[in-house]
Amino acid sequence: MLLFKSIMKRLASSIVVLLGLTIVIFALMKAVPGDPARLALGPNAPEEVLEHYREVNHLNEPIPVQYFYWLSNAVQGDFGTSSYTQRAVSQDIKDFAPATIELVIWAGIPPLFVALFLGVISAQHKNKWPDYLTRFLGYIFVATPTFVFAVLFILIFGYWLPVMPTIGGRLSPQFTIAPVTGMYIVDALIGGQPAAAWDAFLHLLFPALALSLGKTMQEARITRASMLQNADKDYITMVTSQGVPKKIVNRRFLLKPSVIPTVTVMGMDFASLFGNAFLVERIFNWPGLSSYGMNAILNKDSNAVVAVVLIIGLAFVGTSIVVDIVAMILDPRMRQARTR
Amino acid sequence: MKKKVALFLCLAMLLTLLVACGGKPSEQTSGEIKETSGEGDAAADDSGSMIRYTLTAMPKIDPGVGSDFGSASLIINLYDPLLMPTKEGGVEPWIATEWSVSDDGLVWTFKIRDDVKFQSGNPLTAKDVAYTMNRMLTLGEGFGYLFTSTVEEAVAVDDTTVEFRCKTRNGTLSAALVRLYILDSAVVESKYGEGTYGEQGDYGKAYLLENSAGSGPYKVKEYVANSHILCEQNPDYWAGFDPANPKEFKAYSSNESVTVKTMMQRKELEIVDSYQSAETNEALDAMEGVDIMNTQGGNIIFLILNNSKPPLDDPHVRKALAYMMDYDVVCNDIFPNSVQADSIISNTLRGHKKMYDFSFDLEKAKEEISLSKYKDNIADYPIEVCWIAETPDREKLALLIQAVAAEVGANVKVVKTPWAKVVENASSPDTTPHVTTTVFTGDYSEAGSVLMSAIRSKEVGTWQNCSWINDPELDAMIDESITIIDDAERIAKYEEIQDYLSDKCVLIPLAELIEPIAYQSSYVVWEGGNPENQIPVMGYVLYMRDIKIYPEKK
């Protein structure tokens with residue numbers, strides 16, 4: 001019940017944050033140079049056609065009125081028409097979001113376990129070669145931008161060692177998957193097509209790796225630091241002095257509290273992947289939400305941009321709530337703090 | 001010890017995974033694994049007879065909407081035009097077999113073939129032609145501007161006769177009709193969605209965004225927004241195919257250079273877009289089996305001059321600017337293999353006449369400035385040279401002007417401007433910069449297309465037409481030229497207009513661009529890309545019936 005109340009409070013405050021976010025982005029998009037009617041209809045469209053477009057899309061109204069129109073439709077799930085794709089923005093989101101969600105899930109969740117594993121190994125072997133190696137790789141991977149990994153993977157595994165599947169898209173052309181969730185691996189498994197699922201996984205592997213490497217190593221470093229910090233705590237000294245085997249101390253008493261900071265950072269990292277994926281999507285020709293958002297910005301497609309930012313904002317809110325829940329489960333003190 | 005074993009196992013798993021991904025790409029895409037959806041869709045064979053090419057953005061395949069290069073390259077393959085452009089710059093019968101014009105020049109009558117069927121199986125009739133024209137007139141988007149100012153309406157007289165009733169005499173109509181791509185009216189009408197066109201709803205725009213409804217040699221098989229469009233041969237195409245024409249083609253909407261290079265190396269891409277940097281093209285050219293085709297699509301790189309802004313309101317300053325350009329550097333270093341342009345009309349278009357004989361001559365530039373009203377204070381009028389941020393090669397051009405201008409005492413300011421801002425700035429003489437570096441060509445293969453879209457005051461305020469010339473005499477000459485029905489007379493009028501403009505130097509054509517396009521020459525024969533065979537109308541360089549592919553040579 002306490003947990004439920006806490007979540008409700010978070011949701012209520014999130015709505016205000018999201019509303020504010022849409023106002024800021026909407027206003028910013030209006031300040032971006034370029035006539036949206038001209039960009040949508042082409043350089044030679046006659047003035048009367050441009051005027052018709054502006055009229056239909058309320059572009060002649062003051063910005064607050066335009067925002068009101070947008071908001072009143074958005075709450076009904078209608079985000080307007082994209083001037084870039086000329087389709088309903090809600091349809092675009094439905095088409096592009098699953099690709100990004102699939103990418104982000106694979107770039108966010110499995111690497112968490114790798115990060116925890118490496119962090120624990122590094123802490124347990126402090127100042128020995130596994131620790132040095134993890135830290136050394138950590139420095140490199142954290143400092144390297146995501147798009148560099150993407151380019152390197154294409155060059156190494158696509159160009160020099162052609163181990164990558166067909167570049168461009170999410171699936172080799174010989175496969176067709178009946179859409180259910182829009183996430184190809186899941187859909188292929190639902191449809192009983194293991195070969196297609198494997199092919200989709202191979203397409204996903206390198207983009208997901210490129211997106212996750214830096215964050216994985218950052219999370220590993222946080223886990224290591226947290227483990228080492230907790231290892232000096234009195235309660236650890238006490239259980240160790242009572243003769244509890246080191247393995248049990250590590251697993252039962254040290255790992256659990258040490259994971260909390262990692263989970264918190266991971267949550268934010270996970271949500272930020274939605275916004276950061278655009279370069280990886282572009283390089284791997286991955287038809288996702290981030291590259292759609294990027295193209296929308298370049299084409300001054302305010303309907304699409306605001307909708308994409310809203311979706312990413314929702315991802316942030318959702319993730320932070322999940323992270324809070326996980327943290328409260330892991331640490332009862334946080335449950336108490338939240339309800340005070 | 002156990003941990004070391006665990007670590008070793010992890011590494012072994014990772015290596016196994018990489019090896020599992022391996023194998024030659026051609027083996028993976030050989031189509032040995034055939035999976036179909038639950039609905040039993042037929043599977044495609046990617047390694048077979050397919051041309052894959054890159055574009056810079058997702059094309060708009062609705063023939064009433066799309067008008068950029070990428071869109072045109074798709075539309076010409078999905079639809080039949082009423083008349084087909086020829087490599088000589090004229091038109092030849094295609095869906096229309098013959099045509100005539102009334103004595104007053106206001107009614108054009110076209111006889112339509114009676115043996116053409118749409119991809120749906122419906123016969124193509126005059127009703128479809130009239131429907132397509134009326135739809136273009138209503139939408140006014142894309143290539144619609146070619147007709148909106150002159151055509152009043154289209155009427156189907158009978159199944160094989162259609163009339164275009166014009167508001168004014170229109171001599172260029174037949175040339176512009178290469179952009180009338182005929183829609184299957186029955187299919188489009190059945191797909192009307194909600195929209196703002198009255199009874200027509202959305203006029204089928206939502207449907208035609210992702211589907212084709214034409215009689216062209218190819219039809220849309222798969223549309224993945226923001227990614228690619230896959231098209232397959234229309235087996236019943238009335239004009240037939242060469243057996244080596246591609247069975248399918250795929251247009252990608254992204255052209256990242258690393259991705260493009262890798263795909264070319266792996267033979268997963270046959271033709272690269274023309275927007276790659278010189279360095280990328282060099283790397284592609286060095287690949288085995290890849291060559292560069294130097295295409296000439298009639299594009300000219302211009303310095304668009306704002307004729308209303310001091311000091312460019314003085315023709316002598318404009319001419320001085322023309323003498324300040326080092327054409328050798330432009331044609332050899334910035335845009336390699338290009339040739340100096342001698343007219344605002346490309347030499348690939350009908351009606352081209354030599355207008356200029358400018359050369360890099362600083363003495364003449366100084367002389368022109370000394371003849372101008374700004375001879376004493378030219379430095380007080382900074383000349384803003386804008387280059388479009390998305391086209392890095394053009395920065396070199398702007399810097400070249402700036403470097404030379406200092407030597408003649410002119411003050412040049414280089415400004416990097418995003419494309420969206422360039423379009424917005426062009427809408428007013430006050431916001432249009434002094435000089436904008438721009439590339440364009442005609443939408444059909446006649447001088448009238450450029451004169452209308454880039455020079456005439458009626459169209460002023462677009463990125464192509466922002467010279468703000470405001471010369472009623474010139475406008476009258478252009479208006480008159482496009483009303484002349486007789487081809488020879490009309491061409492003579494175009495030449496007269498170029499003579500008239502030659503002394504005014506309203507804009508500076510720098511170079512006829514040769515656009516290098518990398519392609520897989522080891523198994524693709526690209527007749528349409530060869531400058532000797534190239535049709536000088538945007539998009540036709542990728543007409544798939546002019547491309548042959550031999551997959552066995554891969």
# chains A, B, ... in the order shown; residues from 1 in each chain; ligands from 1

$ interface_residues --of "chain A" --to "chain B" --cutoff "6 Å" --atoms "only C-alpha atoms" --output "list in words"
Pro33, Gly34, Asp35, Leu41, Ala45, Tyr159, Val163, Pro173, Gln174, Phe175, Thr176, Ile177, Ala178 and Pro287 of chain A

$ residues_around --residues "Val385 of chain B" --least-positions-apart "6" --cutoff "10 Å" --atoms "only C-alpha atoms" --output "number ranges by chain"
B: 303-305, 395, 397-399, 401-402, 412-417, 433-437

$ write_last_selection --atoms "all heavy atoms" --output "short mmCIF file (atom, residue, chain, number, x, y, z; two decimals), in the first residue's frame"
data_model
loop_
_atom_site.label_atom_id
_atom_site.label_comp_id
_atom_site.auth_asym_id
_atom_site.auth_seq_id
_atom_site.Cartn_x
_atom_site.Cartn_y
_atom_site.Cartn_z
N LEU B 303 25.59 30.90 -58.47
CA LEU B 303 25.60 31.91 -57.43
C LEU B 303 24.33 32.71 -57.67
O LEU B 303 24.22 33.45 -58.66
CB LEU B 303 26.82 32.84 -57.54
CG LEU B 303 28.20 32.21 -57.35
CD1 LEU B 303 29.27 33.31 -57.37
CD2 LEU B 303 28.29 31.44 -56.05
N ILE B 304 23.34 32.49 -56.81
CA ILE B 304 22.10 33.25 -56.94
C ILE B 304 22.36 34.63 -56.32
O ILE B 304 22.76 34.72 -55.15
CB ILE B 304 20.95 32.55 -56.18
CG1 ILE B 304 20.79 31.13 -56.66
CG2 ILE B 304 19.67 33.37 -56.29
CD1 ILE B 304 19.88 30.92 -57.81
N LEU B 305 22.15 35.67 -57.09
CA LEU B 305 22.46 37.03 -56.62
C LEU B 305 21.17 37.76 -56.29
O LEU B 305 20.23 37.74 -57.09
CB LEU B 305 23.22 37.80 -57.70
CG LEU B 305 24.43 37.07 -58.33
CD1 LEU B 305 25.04 37.94 -59.43
CD2 LEU B 305 25.48 36.76 -57.27
N GLU B 395 31.11 25.17 -49.01
CA GLU B 395 31.85 26.10 -48.15
C GLU B 395 33.14 26.51 -48.87
O GLU B 395 33.55 27.67 -48.81
CB GLU B 395 32.17 25.46 -46.80
CG GLU B 395 32.88 26.44 -45.88
CD GLU B 395 33.28 25.85 -44.54
OE1 GLU B 395 33.29 24.62 -44.42
OE2 GLU B 395 33.59 26.64 -43.64
N LEU B 397 33.57 26.86 -51.92
CA LEU B 397 33.21 27.84 -52.94
C LEU B 397 33.09 29.24 -52.30
O LEU B 397 33.63 30.23 -52.82
CB LEU B 397 31.87 27.42 -53.54
CG LEU B 397 31.43 28.06 -54.84
CD1 LEU B 397 32.44 27.80 -55.93
CD2 LEU B 397 30.07 27.48 -55.26
N ALA B 398 32.41 29.29 -51.17
CA ALA B 398 32.22 30.58 -50.48
C ALA B 398 33.57 31.14 -50.04
O ALA B 398 33.82 32.35 -50.16
CB ALA B 398 31.29 30.38 -49.29
N LEU B 399 34.42 30.27 -49.54
CA LEU B 399 35.74 30.73 -49.08
C LEU B 399 36.59 31.21 -50.25
O LEU B 399 37.39 32.14 -50.13
CB LEU B 399 36.47 29.62 -48.32
CG LEU B 399 35.81 29.23 -46.98
CD1 LEU B 399 36.49 28.01 -46.37
CD2 LEU B 399 35.86 30.40 -45.99
N ILE B 401 35.45 32.69 -52.94
CA ILE B 401 34.98 34.04 -53.27
C ILE B 401 35.56 35.04 -52.27
O ILE B 401 36.05 36.11 -52.64
CB ILE B 401 33.43 34.10 -53.22
CG1 ILE B 401 32.83 33.13 -54.23
CG2 ILE B 401 32.93 35.52 -53.50
CD1 ILE B 401 31.34 32.92 -54.08
N GLN B 402 35.53 34.67 -51.00
CA GLN B 402 36.01 35.57 -49.95
C GLN B 402 37.50 35.89 -50.15
O GLN B 402 37.91 37.05 -50.03
CB GLN B 402 35.80 34.92 -48.58
CG GLN B 402 36.06 35.86 -47.42
CD GLN B 402 35.81 35.18 -46.09
OE1 GLN B 402 36.18 34.02 -45.88
NE2 GLN B 402 35.17 35.89 -45.18
N VAL B 412 33.69 40.45 -48.30
CA VAL B 412 32.78 39.31 -48.38
C VAL B 412 32.69 38.61 -47.02
O VAL B 412 33.70 38.35 -46.38
CB VAL B 412 33.25 38.31 -49.46
CG1 VAL B 412 32.55 36.97 -49.31
CG2 VAL B 412 32.96 38.87 -50.85
N LYS B 413 31.47 38.34 -46.63
CA LYS B 413 31.22 37.66 -45.36
C LYS B 413 30.60 36.29 -45.67
O LYS B 413 29.59 36.22 -46.37
CB LYS B 413 30.23 38.52 -44.57
CG LYS B 413 30.09 38.18 -43.13
CD LYS B 413 29.13 39.22 -42.51
CE LYS B 413 28.41 38.59 -41.36
NZ LYS B 413 27.24 39.36 -40.95
N VAL B 414 31.25 35.23 -45.19
CA VAL B 414 30.75 33.88 -45.47
C VAL B 414 29.79 33.46 -44.35
O VAL B 414 30.12 33.57 -43.18
CB VAL B 414 31.93 32.89 -45.58
CG1 VAL B 414 31.44 31.46 -45.68
CG2 VAL B 414 32.78 33.24 -46.80
N VAL B 415 28.62 32.98 -44.76
CA VAL B 415 27.61 32.58 -43.77
C VAL B 415 27.15 31.16 -44.05
O VAL B 415 26.74 30.84 -45.16
CB VAL B 415 26.38 33.53 -43.84
CG1 VAL B 415 25.38 33.17 -42.75
CG2 VAL B 415 26.80 34.97 -43.70
N LYS B 416 27.23 30.34 -43.01
CA LYS B 416 26.72 28.97 -43.11
C LYS B 416 25.25 28.97 -42.69
O LYS B 416 24.93 29.44 -41.59
CB LYS B 416 27.55 28.08 -42.19
CG LYS B 416 27.11 26.64 -42.09
CD LYS B 416 27.98 25.93 -41.06
CE LYS B 416 27.57 24.49 -40.88
NZ LYS B 416 28.39 23.81 -39.86
N THR B 417 24.38 28.49 -43.54
CA THR B 417 22.94 28.58 -43.23
C THR B 417 22.27 27.22 -43.44
O THR B 417 22.43 26.61 -44.50
CB THR B 417 22.27 29.60 -44.17
OG1 THR B 417 23.07 30.78 -44.19
CG2 THR B 417 20.87 29.95 -43.71
N PRO B 433 20.06 36.58 -48.71
CA PRO B 433 21.43 37.09 -48.67
C PRO B 433 21.88 37.59 -50.05
O PRO B 433 21.22 37.32 -51.05
CB PRO B 433 22.25 35.87 -48.23
CG PRO B 433 21.38 34.70 -48.43
CD PRO B 433 19.97 35.15 -48.46
N HIS B 434 23.01 38.30 -50.09
CA HIS B 434 23.51 38.80 -51.38
C HIS B 434 23.75 37.65 -52.35
O HIS B 434 23.36 37.72 -53.51
CB HIS B 434 24.83 39.54 -51.17
CG HIS B 434 24.70 40.83 -50.45
ND1 HIS B 434 24.80 40.93 -49.09
CD2 HIS B 434 24.48 42.09 -50.90
CE1 HIS B 434 24.64 42.19 -48.72
NE2 HIS B 434 24.43 42.92 -49.80
N VAL B 435 24.41 36.61 -51.84
CA VAL B 435 24.76 35.48 -52.72
C VAL B 435 24.39 34.18 -52.02
O VAL B 435 24.68 34.00 -50.83
CB VAL B 435 26.29 35.47 -53.00
CG1 VAL B 435 26.65 34.31 -53.93
CG2 VAL B 435 26.75 36.80 -53.59
N THR B 436 23.74 33.29 -52.76
CA THR B 436 23.45 31.95 -52.23
C THR B 436 23.99 30.94 -53.23
O THR B 436 23.77 31.08 -54.44
CB THR B 436 21.92 31.73 -52.07
OG1 THR B 436 21.36 32.84 -51.37
CG2 THR B 436 21.62 30.45 -51.32
N THR B 437 24.70 29.93 -52.74
CA THR B 437 25.22 28.90 -53.64
C THR B 437 24.16 27.80 -53.75
O THR B 437 23.81 27.17 -52.75
CB THR B 437 26.52 28.30 -53.09
OG1 THR B 437 26.27 27.78 -51.80
CG2 THR B 437 27.61 29.35 -52.99
#

$ select_by_dssp --residues "segment 239-401 of chain B" --states "helix (DSSP H, G or I)" --output "number ranges by chain"
B: 257-265, 278-285, 315-323, 327-334, 362-371, 378-380, 393-401

$ atom_distance --atom1 "atom CA of Thr237 of chain A" --atom2 "atom CA of Ile121 of chain A"
19.9 Å

$ residues_around --residues "Phe201 of chain A" --least-positions-apart "4" --cutoff "12 Å" --atoms "only C-alpha atoms" --output "MDAnalysis selection string"
(chainID A and resid 102:103 106:107 164:165 169:172 183:189 194:197 205:209) or (chainID B and resid 17 20:21)

$ closest_residue --among "A:Gly313, A:Gly318, A:Pro46, A:Gly243" --to "Gly267 of chain A" --atoms "only C-alpha atoms"
A:Gly318

$ residues_around --residues "segment 466-479 of chain B" --least-positions-apart "3" --cutoff "8 Å" --atoms "only C-alpha atoms" --output "list in words"
Ile304, Leu305, Asn306, Asn307, Ser308, Ala426, Ser427, Ser428, Pro429, Thr432, Gly448, Leu451, Met452, Ala454, Ile455, Arg456, Ser457, Val460, Gly461, Thr462, Trp463, Ile482, Thr483, Lys493, Tyr494, Ile497, Val506 and Leu507 of chain B

$ atom_distance --atom1 "atom CA of Ile300 of chain B" --atom2 "atom CA of Ala518 of chain B"
20.3 Å

$ atom_distance --atom1 "atom CA of Arg87 of chain A" --atom2 "atom CA of Val75 of chain A"
18.5 Å

$ residues_around --residues "segment 236-248 of chain B" --least-positions-apart "5" --cutoff "10 Å" --atoms "only C-alpha atoms" --output "JSON, numbers by chain"
{"B": [44, 45, 46, 48, 49, 50, 51, 52, 94, 115, 116, 117, 118, 119, 121, 215, 216, 217, 218, 219, 220, 221, 230, 231, 524, 525, 544, 545, 546, 547, 548, 549, 550, 551]}

$ select_by_dssp --residues "segment 115-357 of chain B" --states "strand (DSSP E or B)" --output "MDAnalysis selection string"
chainID B and resid 117 123 151:158 161:166 181 218:224 228:233 248:252 271 290:295 300:305 339:340 350

$ closest_residue --among "B:Leu74, B:Val450, B:Lys354, B:Gln534" --to "Glu232 of chain B" --atoms "only C-alpha atoms"
B:Leu74

$ closest_residue --among "A:Val114, A:Leu213, A:Ala40, A:Ile329" --to "Asp269 of chain A" --atoms "only C-alpha atoms"
A:Leu213

$ residues_around --residues "Gly288 of chain A" --least-positions-apart "2" --cutoff "7 Å" --atoms "only C-alpha atoms" --output "list in words"
Phe96, Ala97, Ala99, Thr100, Glu281, Trp286, Ser290, Ser291 and Tyr292 of chain A

$ residues_around --residues "Ser82 of chain A" --least-positions-apart "3" --cutoff "12 Å" --atoms "only C-alpha atoms" --output "MDAnalysis selection string"
(chainID A and resid 36:37 39:41 57 78:79 85:93 292:293 295:297 299:308) or (chainID B and resid 206)
